[in-house]
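J.: This is the content of coords_28.tsv (TSV, C-alpha atoms):
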chain	number	residue	atom	x	y	z
A	1	MET	CA	124.33	74.39	133.33
A	2	SER	CA	124.90	72.19	130.28
A	3	GLU	CA	127.88	69.92	129.73
A	4	SER	CA	129.48	72.59	127.57
A	5	GLY	CA	129.63	74.89	130.61
A	6	ARG	CA	126.99	77.06	128.99
A	7	GLU	CA	124.09	78.46	130.99
A	8	MET	CA	121.19	80.54	129.69
A	9	ARG	CA	119.24	82.64	132.19
A	10	VAL	CA	117.26	85.83	132.54
A	11	THR	CA	119.68	88.65	133.16
A	12	ARG	CA	120.55	89.49	136.77
A	13	THR	CA	121.77	92.84	138.03
A	14	GLU	CA	125.23	91.33	138.58
A	15	ASP	CA	125.44	90.65	134.79
A	16	GLU	CA	125.18	94.33	133.86
A	17	PRO	CA	128.87	95.27	133.91
A	18	ALA	CA	129.68	92.37	131.58
A	19	ILE	CA	126.78	93.27	129.29
A	20	MET	CA	128.02	96.83	129.02
A	21	ALA	CA	131.61	95.66	128.47
A	22	ILE	CA	130.45	93.32	125.68
A	23	SER	CA	128.41	96.13	124.09
A	24	ARG	CA	131.52	98.30	123.96
A	25	ALA	CA	133.81	95.45	122.88
A	26	VAL	CA	131.84	94.24	119.85
A	27	GLY	CA	132.93	97.36	117.97
A	28	VAL	CA	129.80	97.94	115.89
A	29	PHE	CA	127.71	99.76	118.52
A	30	SER	CA	127.95	103.56	118.42
A	31	ALA	CA	128.32	105.47	121.70
A	32	GLU	CA	124.62	106.36	121.42
A	33	GLU	CA	123.70	102.70	120.98
A	34	VAL	CA	125.80	101.68	123.99
A	35	ASP	CA	123.97	104.35	126.02
A	36	THR	CA	120.68	102.89	124.80
A	37	VAL	CA	121.64	99.42	126.07
A	38	GLN	CA	122.27	100.98	129.51
A	39	GLU	CA	118.90	102.78	129.38
A	40	LEU	CA	117.08	99.54	128.55
A	41	LEU	CA	118.94	97.74	131.35
A	42	ASP	CA	117.89	100.51	133.75
A	43	GLU	CA	114.26	100.09	132.70
A	44	TYR	CA	114.51	96.30	132.98
A	45	ARG	CA	116.12	96.44	136.44
A	46	THR	CA	113.80	99.05	137.95
A	47	ARG	CA	110.46	98.16	136.35
A	48	GLY	CA	110.90	94.51	135.43
A	49	ALA	CA	110.64	92.79	132.06
A	50	GLU	CA	106.85	92.73	131.79
A	51	VAL	CA	106.24	96.40	132.63
A	52	SER	CA	109.27	97.82	130.83
A	53	GLY	CA	108.78	95.58	127.80
A	54	TYR	CA	112.50	94.81	127.74
A	55	HIS	CA	113.41	91.17	128.34
A	56	PHE	CA	117.11	90.50	128.84
A	57	LEU	CA	118.77	87.09	128.58
A	58	SER	CA	122.33	86.30	129.56
A	59	CYS	CA	124.38	83.42	128.23
A	60	LEU	CA	127.14	82.35	130.61
A	61	VAL	CA	130.13	80.21	129.73
A	62	ASP	CA	131.99	78.81	132.72
A	63	ARG	CA	129.96	81.14	134.95
A	64	ARG	CA	130.99	84.30	133.09
A	65	VAL	CA	128.58	86.33	130.94
A	66	ALA	CA	129.60	85.59	127.35
A	67	GLY	CA	126.66	87.17	125.54
A	68	TYR	CA	123.23	88.69	125.95
A	69	ALA	CA	120.06	89.42	124.06
A	70	CYS	CA	117.23	91.87	124.63
A	71	TYR	CA	113.80	91.48	123.09
A	72	GLY	CA	110.31	92.80	123.70
A	73	PRO	CA	106.83	93.13	122.26
A	74	ARG	CA	106.24	95.67	119.47
A	75	ALA	CA	103.47	98.08	120.47
A	76	LEU	CA	100.16	97.81	118.63
A	77	THR	CA	100.91	94.35	117.28
A	78	ASP	CA	99.56	90.97	118.24
A	79	GLY	CA	102.50	88.60	118.51
A	80	THR	CA	105.36	90.60	116.99
A	81	TYR	CA	108.54	91.03	119.03
A	82	ASP	CA	111.64	93.10	118.45
A	83	LEU	CA	115.05	91.58	119.00
A	84	PHE	CA	116.61	94.86	120.12
A	85	TRP	CA	120.13	93.67	120.83
A	86	ILE	CA	122.11	90.48	120.60
A	87	ALA	CA	125.85	90.42	121.20
A	88	THR	CA	128.60	88.00	122.11
A	89	ASP	CA	131.91	88.72	123.78
A	90	PRO	CA	134.46	88.86	120.91
A	91	ALA	CA	136.75	86.64	122.99
A	92	VAL	CA	134.28	83.73	122.73
A	93	GLN	CA	132.73	84.29	119.31
A	94	GLY	CA	132.31	81.36	116.94
A	95	ARG	CA	131.06	78.97	119.63
A	96	GLY	CA	127.36	79.24	118.87
A	97	ILE	CA	126.52	81.58	121.74
A	98	GLY	CA	124.68	84.08	119.51
A	99	GLY	CA	122.75	81.28	117.85
A	100	ALA	CA	121.79	79.84	121.24
A	101	LEU	CA	120.63	83.26	122.45
A	102	SER	CA	118.57	83.80	119.29
A	103	ALA	CA	117.03	80.34	119.59
A	104	ARG	CA	116.14	80.93	123.25
A	105	CYS	CA	114.51	84.29	122.41
A	106	ALA	CA	112.48	82.61	119.67
A	107	GLU	CA	111.42	79.85	122.08
A	108	LEU	CA	110.34	82.33	124.76
A	109	VAL	CA	108.49	84.52	122.25
A	110	LYS	CA	106.70	81.46	120.87
A	111	SER	CA	105.81	80.27	124.38
A	112	VAL	CA	103.75	83.43	124.96
A	113	GLY	CA	101.99	83.26	121.59
A	114	GLY	CA	104.49	85.35	119.64
A	115	ARG	CA	104.79	84.80	115.91
A	116	LEU	CA	107.45	87.16	114.57
A	117	LEU	CA	110.86	88.20	115.83
A	118	VAL	CA	112.11	91.34	114.11
A	119	ALA	CA	115.81	92.20	113.92
A	120	GLU	CA	116.66	95.55	112.43
A	121	THR	CA	120.23	96.21	111.40
A	122	SER	CA	122.34	98.36	109.17
A	123	GLY	CA	123.33	97.73	105.56
A	124	LEU	CA	126.85	99.11	106.13
A	125	PRO	CA	129.80	96.82	105.28
A	126	GLN	CA	130.83	96.50	108.95
A	127	TYR	CA	127.44	94.90	109.67
A	128	ALA	CA	127.93	92.14	107.08
A	129	PRO	CA	128.73	89.58	109.83
A	130	THR	CA	125.55	90.64	111.67
A	131	ARG	CA	123.45	90.21	108.54
A	132	ARG	CA	125.09	86.84	107.86
A	133	PHE	CA	124.32	85.82	111.44
A	134	TYR	CA	120.59	86.46	110.95
A	135	GLU	CA	120.51	84.72	107.56
A	136	THR	CA	122.29	81.70	109.04
A	137	HIS	CA	119.84	81.49	111.94
A	138	GLY	CA	116.61	81.37	109.97
A	139	TYR	CA	115.82	85.07	109.64
A	140	ARG	CA	114.85	86.38	106.22
A	141	LEU	CA	115.66	89.85	104.92
A	142	GLU	CA	112.12	91.12	104.31
A	143	ALA	CA	112.75	94.85	103.85
A	144	ASN	CA	115.56	97.20	102.94
A	145	ILE	CA	115.05	100.95	103.24
A	146	THR	CA	117.75	103.03	101.61
A	147	ASP	CA	119.44	105.80	103.64
A	148	PHE	CA	117.25	105.09	106.67
A	149	TYR	CA	119.82	105.43	109.45
A	150	ALA	CA	121.85	108.09	107.63
A	151	PRO	CA	122.80	108.87	104.03
A	152	GLY	CA	124.41	105.68	102.72
A	153	ASP	CA	123.27	103.66	105.75
A	154	ASP	CA	120.29	101.47	104.94
A	155	LEU	CA	117.84	99.75	107.26
A	156	CYS	CA	117.66	95.96	106.83
A	157	ILE	CA	114.68	94.27	108.48
A	158	PHE	CA	115.20	90.58	109.18
A	159	ILE	CA	112.23	88.51	110.25
A	160	LEU	CA	112.21	85.18	112.03
A	161	ARG	CA	108.83	83.47	111.93
A	162	VAL	CA	108.84	81.36	115.07
B	1	MET	CA	94.69	132.10	108.57
B	2	SER	CA	94.54	131.58	104.80
B	3	GLU	CA	91.69	132.78	102.57
B	4	SER	CA	90.18	129.31	102.69
B	5	GLY	CA	89.64	129.73	106.43
B	6	ARG	CA	92.36	127.14	107.04
B	7	GLU	CA	94.97	127.61	109.72
B	8	MET	CA	97.93	125.33	110.50
B	9	ARG	CA	99.51	125.60	113.94
B	10	VAL	CA	101.34	123.60	116.57
B	11	THR	CA	98.74	121.86	118.71
B	12	ARG	CA	97.48	123.70	121.80
B	13	THR	CA	96.00	122.07	124.89
B	14	GLU	CA	92.57	123.40	123.90
B	15	ASP	CA	92.79	121.30	120.69
B	16	GLU	CA	92.99	118.01	122.54
B	17	PRO	CA	89.28	117.19	122.87
B	18	ALA	CA	88.83	117.69	119.11
B	19	ILE	CA	91.91	115.57	118.37
B	20	MET	CA	90.56	112.74	120.49
B	21	ALA	CA	87.10	113.07	118.94
B	22	ILE	CA	88.62	112.91	115.44
B	23	SER	CA	90.70	109.86	116.43
B	24	ARG	CA	87.53	108.07	117.50
B	25	ALA	CA	85.49	109.31	114.54
B	26	VAL	CA	87.79	108.19	111.73
B	27	GLY	CA	86.79	104.61	112.39
B	28	VAL	CA	90.08	102.90	111.59
B	29	PHE	CA	91.81	103.43	114.95
B	30	SER	CA	91.44	100.60	117.44
B	31	ALA	CA	90.67	101.43	121.09
B	32	GLU	CA	94.33	100.74	121.88
B	33	GLU	CA	95.43	103.15	119.14
B	34	VAL	CA	93.08	105.86	120.41
B	35	ASP	CA	94.60	105.39	123.88
B	36	THR	CA	98.05	105.75	122.34
B	37	VAL	CA	97.09	109.09	120.78
B	38	GLN	CA	96.07	110.29	124.27
B	39	GLU	CA	99.36	109.04	125.73
B	40	LEU	CA	101.38	110.90	123.11
B	41	LEU	CA	99.32	114.05	123.71
B	42	ASP	CA	100.01	113.73	127.44
B	43	GLU	CA	103.74	113.46	126.76
B	44	TYR	CA	103.63	116.39	124.34
B	45	ARG	CA	101.65	118.59	126.78
B	46	THR	CA	103.70	117.85	129.88
B	47	ARG	CA	107.23	117.52	128.46
B	48	GLY	CA	107.02	119.53	125.25
B	49	ALA	CA	107.69	118.49	121.66
B	50	GLU	CA	111.49	118.48	121.80
B	51	VAL	CA	111.87	116.44	125.00
B	52	SER	CA	108.97	114.05	124.36
B	53	GLY	CA	109.87	113.63	120.68
B	54	TYR	CA	106.20	113.99	119.74
B	55	HIS	CA	105.37	117.00	117.59
B	56	PHE	CA	101.67	117.68	117.13
B	57	LEU	CA	100.19	119.91	114.44
B	58	SER	CA	96.57	121.03	114.24
B	59	CYS	CA	94.78	122.11	111.10
B	60	LEU	CA	91.83	124.40	111.80
B	61	VAL	CA	89.03	125.22	109.42
B	62	ASP	CA	86.92	128.22	110.41
B	63	ARG	CA	88.63	128.13	113.82
B	64	ARG	CA	87.67	124.51	114.54
B	65	VAL	CA	90.21	121.67	114.63
B	66	ALA	CA	89.59	119.69	111.42
B	67	GLY	CA	92.64	117.45	111.50
B	68	TYR	CA	95.94	116.77	113.18
B	69	ALA	CA	99.26	115.07	112.64
B	70	CYS	CA	101.93	113.80	115.01
B	71	TYR	CA	105.51	113.17	113.97
B	72	GLY	CA	108.88	112.77	115.67
B	73	PRO	CA	112.47	111.67	115.22
B	74	ARG	CA	113.24	107.95	115.01
B	75	ALA	CA	115.79	106.99	117.66
B	76	LEU	CA	119.28	106.07	116.48
B	77	THR	CA	118.81	107.63	113.03
B	78	ASP	CA	120.19	110.80	111.56
B	79	GLY	CA	117.33	112.59	109.82
B	80	THR	CA	114.56	109.98	109.82
B	81	TYR	CA	111.18	110.92	111.27
B	82	ASP	CA	108.07	108.90	111.96
B	83	LEU	CA	104.68	110.22	110.96
B	84	PHE	CA	102.89	108.54	113.86
B	85	TRP	CA	99.38	109.77	113.21
B	86	ILE	CA	97.55	111.84	110.66
B	87	ALA	CA	93.78	112.14	110.67
B	88	THR	CA	91.03	114.40	109.39
B	89	ASP	CA	87.54	114.89	110.76
B	90	PRO	CA	85.31	112.71	108.52
B	91	ALA	CA	82.90	115.67	108.27
B	92	VAL	CA	85.48	117.71	106.34
B	93	GLN	CA	87.35	115.03	104.42
B	94	GLY	CA	88.15	115.57	100.74
B	95	ARG	CA	89.19	119.19	101.18
B	96	GLY	CA	92.94	118.62	101.18
B	97	ILE	CA	93.39	118.92	104.94
B	98	GLY	CA	95.34	115.66	105.23
B	99	GLY	CA	97.54	116.66	102.31
B	100	ALA	CA	98.21	120.06	103.87
B	101	LEU	CA	99.12	118.42	107.20
B	102	SER	CA	101.46	115.95	105.48
B	103	ALA	CA	103.11	118.74	103.49
B	104	ARG	CA	103.59	120.84	106.62
B	105	CYS	CA	105.16	117.90	108.49
B	106	ALA	CA	107.53	117.33	105.56
B	107	GLU	CA	108.44	121.02	105.51
B	108	LEU	CA	109.14	121.10	109.26
B	109	VAL	CA	111.15	117.87	109.14
B	110	LYS	CA	113.19	119.22	106.23
B	111	SER	CA	113.77	122.54	108.02
B	112	VAL	CA	115.64	120.72	110.81
B	113	GLY	CA	117.74	118.60	108.45
B	114	GLY	CA	115.35	115.67	108.21
B	115	ARG	CA	115.48	113.48	105.12
B	116	LEU	CA	112.86	110.75	105.50
B	117	LEU	CA	109.31	110.71	106.77
B	118	VAL	CA	108.11	107.19	107.56
B	119	ALA	CA	104.41	106.28	107.63
B	120	GLU	CA	103.59	102.78	108.77
B	121	THR	CA	100.12	101.47	108.13
B	122	SER	CA	98.15	98.28	107.78
B	123	GLY	CA	97.57	96.24	104.65
B	124	LEU	CA	93.95	95.48	105.65
B	125	PRO	CA	91.19	96.42	103.17
B	126	GLN	CA	89.82	99.13	105.50
B	127	TYR	CA	93.17	100.93	105.25
B	128	ALA	CA	93.06	101.14	101.44
B	129	PRO	CA	92.09	104.86	101.59
B	130	THR	CA	95.03	105.48	103.96
B	131	ARG	CA	97.45	103.73	101.61
B	132	ARG	CA	96.02	105.66	98.66
B	133	PHE	CA	96.46	108.88	100.62
B	134	TYR	CA	100.18	108.23	101.09
B	135	GLU	CA	100.69	107.19	97.46
B	136	THR	CA	98.91	110.32	96.27
B	137	HIS	CA	101.05	112.56	98.46
B	138	GLY	CA	104.46	111.43	97.30
B	139	TYR	CA	105.12	108.54	99.67
B	140	ARG	CA	106.38	105.29	98.20
B	141	LEU	CA	105.58	101.83	99.56
B	142	GLU	CA	109.10	100.62	100.35
B	143	ALA	CA	108.36	97.58	102.51
B	144	ASN	CA	105.58	95.13	103.19
B	145	ILE	CA	105.90	92.62	106.01
B	146	THR	CA	103.30	89.88	105.98
B	147	ASP	CA	101.30	89.19	109.17
B	148	PHE	CA	103.20	91.86	111.11
B	149	TYR	CA	100.35	93.43	113.08
B	150	ALA	CA	98.42	90.17	113.37
B	151	PRO	CA	97.79	87.10	111.23
B	152	GLY	CA	96.48	88.47	107.93
B	153	ASP	CA	97.36	92.05	108.86
B	154	ASP	CA	100.51	93.21	107.06
B	155	LEU	CA	102.76	96.15	107.82
B	156	CYS	CA	103.14	98.61	104.94
B	157	ILE	CA	106.00	101.09	105.27
B	158	PHE	CA	105.56	104.23	103.18
B	159	ILE	CA	108.50	106.60	102.83
B	160	LEU	CA	108.48	110.24	101.82
B	161	ARG	CA	111.92	111.54	100.95
B	162	VAL	CA	111.66	115.24	101.74
The structure in this file should be written as structure tokens.

T.:
Amino acid sequence: MSESGREMRVTRTEDEPAIMAISRAVGVFSAEEVDTVQELLDEYRTRGAEVSGYHFLSCLVDRRVAGYACYGPRALTDGTYDLFWIATDPAVQGRGIGGALSARCAELVKSVGGRLLVAETSGLPQYAPTRRFYETHGYRLEANITDFYAPGDDLCIFILRV
Amino acid sequence: MSESGREMRVTRTEDEPAIMAISRAVGVFSAEEVDTVQELLDEYRTRGAEVSGYHFLSCLVDRRVAGYACYGPRALTDGTYDLFWIATDPAVQGRGIGGALSARCAELVKSVGGRLLVAETSGLPQYAPTRRFYETHGYRLEANITDFYAPGDDLCIFILRV
């Protein structure tokens, strides 16, 4: 654990309730997206990160899970990884937890020869803080596909070159 | 069957050997991509198109499989479909089989409320005919992500708005 009381580790089964609570609390995940987080956690827990392709990281503050990220290799690419989810407990936002999680993902991806980290998000107004987060942390908006998620809801593809 | 001897149908198990032979014959699929076609066929055969999310179409000419396409809904979107694979037997290329398969996919996607058909392909020189195919059949290149598949191998995202 660092002096700030922050600890970064691969997600343990005991972290799951907090991860699900954070996913519901952030307010921008739809019910379907929250269900998807649980499905990926199930895959990760039962099959492991390597086989499932879903790597989960937890960031703890004072021994409580304050945020998490999930990333994994994109099929049929050599060195491209998706950052599927990254979320911080709203109660502790603004303390650099998201940035630390993103940086740790980038470090881990790079350590296994990865080159790109891809974060896909929505162009809706309520995702403006998410888009700002990526821009602030070195990602570049490299594609925007109109009406991708739904009419009026664009896909924004942010890329971090690690 | 049409007057041209062409028949479009949902893929049957008996079509699989021809589909795999075409996948190997086209020359632009890597071994890993050919394996992926087989995996998707396995899913489609055992779980069905709706559950697996992989819809296969066969185009027959004179009762022989001359081409196929595979499409399916993109998770977490409302009305966006991926065109995963589309390929024509090199022996019968240039007769509009690919175009007919693409048009049929678009029609089927539209019939269930779909709006977008997404075709992702490589920016490598050997994929120039593929990219031309999409451009000729109404798709628009809406994104290009440098070095996505591998260093020097870009991702091109073509979108057909149906």

J.: Segment 135-150 of chain A: which residues within 9 Å, counting all atoms listed in the file, same-chain residues fewer than 4 positions away excluded, as a PDB file with C-alpha atoms, in the coordinates of the input?

T.:
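selection-v9.pdb written:
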ATOM      1  CA  GLY A  99     122.750  81.280 117.850  1.00  0.00           C
ATOM      2  CA  SER A 102     118.570  83.800 119.290  1.00  0.00           C
ATOM      3  CA  ALA A 103     117.030  80.340 119.590  1.00  0.00           C
ATOM      4  CA  LEU A 117     110.860  88.200 115.830  1.00  0.00           C
ATOM      5  CA  VAL A 118     112.110  91.340 114.110  1.00  0.00           C
ATOM      6  CA  ALA A 119     115.810  92.200 113.920  1.00  0.00           C
ATOM      7  CA  SER A 122     122.340  98.360 109.170  1.00  0.00           C
ATOM      8  CA  GLY A 123     123.330  97.730 105.560  1.00  0.00           C
ATOM      9  CA  THR A 130     125.550  90.640 111.670  1.00  0.00           C
ATOM     10  CA  ARG A 131     123.450  90.210 108.540  1.00  0.00           C
ATOM     11  CA  ASP A 154     120.290 101.470 104.940  1.00  0.00           C
ATOM     12  CA  LEU A 155     117.840  99.750 107.260  1.00  0.00           C
ATOM     13  CA  CYS A 156     117.660  95.960 106.830  1.00  0.00           C
ATOM     14  CA  ILE A 157     114.680  94.270 108.480  1.00  0.00           C
ATOM     15  CA  PHE A 158     115.200  90.580 109.180  1.00  0.00           C
ATOM     16  CA  ILE A 159     112.230  88.510 110.250  1.00  0.00           C
ATOM     17  CA  LEU A 160     112.210  85.180 112.030  1.00  0.00           C
ATOM     18  CA  ARG A 161     108.830  83.470 111.930  1.00  0.00           C
TER      19      ARG A 161
ATOM     20  CA  ARG B  74     113.240 107.950 115.010  1.00  0.00           C
ATOM     21  CA  LEU B  76     119.280 106.070 116.480  1.00  0.00           C
ATOM     22  CA  THR B  77     118.810 107.630 113.030  1.00  0.00           C
ATOM     23  CA  ASP B  78     120.190 110.800 111.560  1.00  0.00           C
ATOM     24  CA  GLY B  79     117.330 112.590 109.820  1.00  0.00           C
ATOM     25  CA  THR B  80     114.560 109.980 109.820  1.00  0.00           C
ATOM     26  CA  ARG B 115     115.480 113.480 105.120  1.00  0.00           C
ATOM     27  CA  LEU B 116     112.860 110.750 105.500  1.00  0.00           C
ATOM     28  CA  GLU B 142     109.100 100.620 100.350  1.00  0.00           C
ATOM     29  CA  ALA B 143     108.360  97.580 102.510  1.00  0.00           C
ATOM     30  CA  ASN B 144     105.580  95.130 103.190  1.00  0.00           C
ATOM     31  CA  ILE B 145     105.900  92.620 106.010  1.00  0.00           C
ATOM     32  CA  ILE B 159     108.500 106.600 102.830  1.00  0.00           C
TER      33      ILE B 159
END

J.: List as a list in words the protein and nucleic acid residues near Arg64 of chain A, meaning an atom at most 10 Å away when only C-alpha atoms are counted, but skip any in the same chain fewer than 5 places from it.

T.: Gly5, Arg6, Glu7, Asp15, Ala18, Ser58 and Cys59 of chain A

J.: Do you have the atom CA of Val109 of chain A-atom CA of Gly53 of chain A distance handy?

T.: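 Calculated distance between atom CA of Val109 of chain A and atom CA of Gly53 of chain A is 12.4 Å.
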
J.: Name the closest residue to Ile86 of chain A among the candidates A:Glu14, A:Asp62, A:Glu120, A:Glu32; distances are taken between atoms, counting all atoms listed in the file.

T.: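 Selected residue with least distance to Ile86 of chain A: A:Glu120.
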
J.: Report, in Å to a single decimal, how far apart atom CA of Asp89 of chain A and atom CA of Met8 of chain A are.

T.: 14.7 Å

J.: Would you list the contacts of Tyr68 of chain B as a PyMOL selection string, taking every protein, DNA or RNA residue within 12 Å and counting all atoms listed in the file, but skipping same-chain residues closer than 6 positions in sequence?

T.: chain B and resi 7-12+15-23+26+37+41+55-61+83-89+97-102+104-105

J.: May I have the centre and edge lengths, in Å to one decimal, of an axis-aligned box around the listed atoms of segment 93-99 of chain B with 6 Å added to every side, as AutoDock Vina command-line options?

T.:
--center_x 92.4 --center_y 117.1 --center_z 103.0 --size_x 22.2 --size_y 16.2 --size_z 16.5

J.: Of the candidates B:Val92, B:Tyr127, B:Val28, B:Leu40, which shows the shortest atom-to-atom distance to Ser52 of chain B, using all atoms listed in the file?

T.: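 Ranking B:Val92, B:Tyr127, B:Val28, B:Leu40 by distance to Ser52 of chain B, first place goes to B:Leu40.
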
J.: Using all atoms listed in the file, can you tell me which of A:Gln126, A:Ser111, A:Ser4, A:Thr121 comes closest to chain B?

T.: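 Checking each of A:Gln126, A:Ser111, A:Ser4, A:Thr121 against chain B, counting all atoms listed in the file, the winner is A:Thr121.
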
J.: I need the residue nearest chain B from this list: A:Gly72, A:Val51, A:Val112, A:Tyr81. Use only C-alpha atoms for the distance.

T.: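 Among A:Gly72, A:Val51, A:Val112, A:Tyr81, it is A:Tyr81 that comes nearest to chain B.
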
J.: Just give me the gap between atom CA of Arg132 of chain B and atom CA of Gly96 of chain B in Å, one decimal is fine.

T.: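 About the pair atom CA of Arg132 of chain B and atom CA of Gly96 of chain B: they are 13.6 Å apart.
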
J.: Choose the residue, out of B:Ala75, B:Ala69, B:Ala49, B:Leu108, that has the smallest atom-to-atom separation from chain A; count all atoms listed in the file.

T.: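 The answer is B:Ala75, which sits nearest to chain A.
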
J.: Can you work out which one of B:Thr13, B:Gln38, B:Ser30, B:Gln93 has the shortest atom-to-atom distance to chain A, counting all atoms listed in the file?

T.: B:Ser30
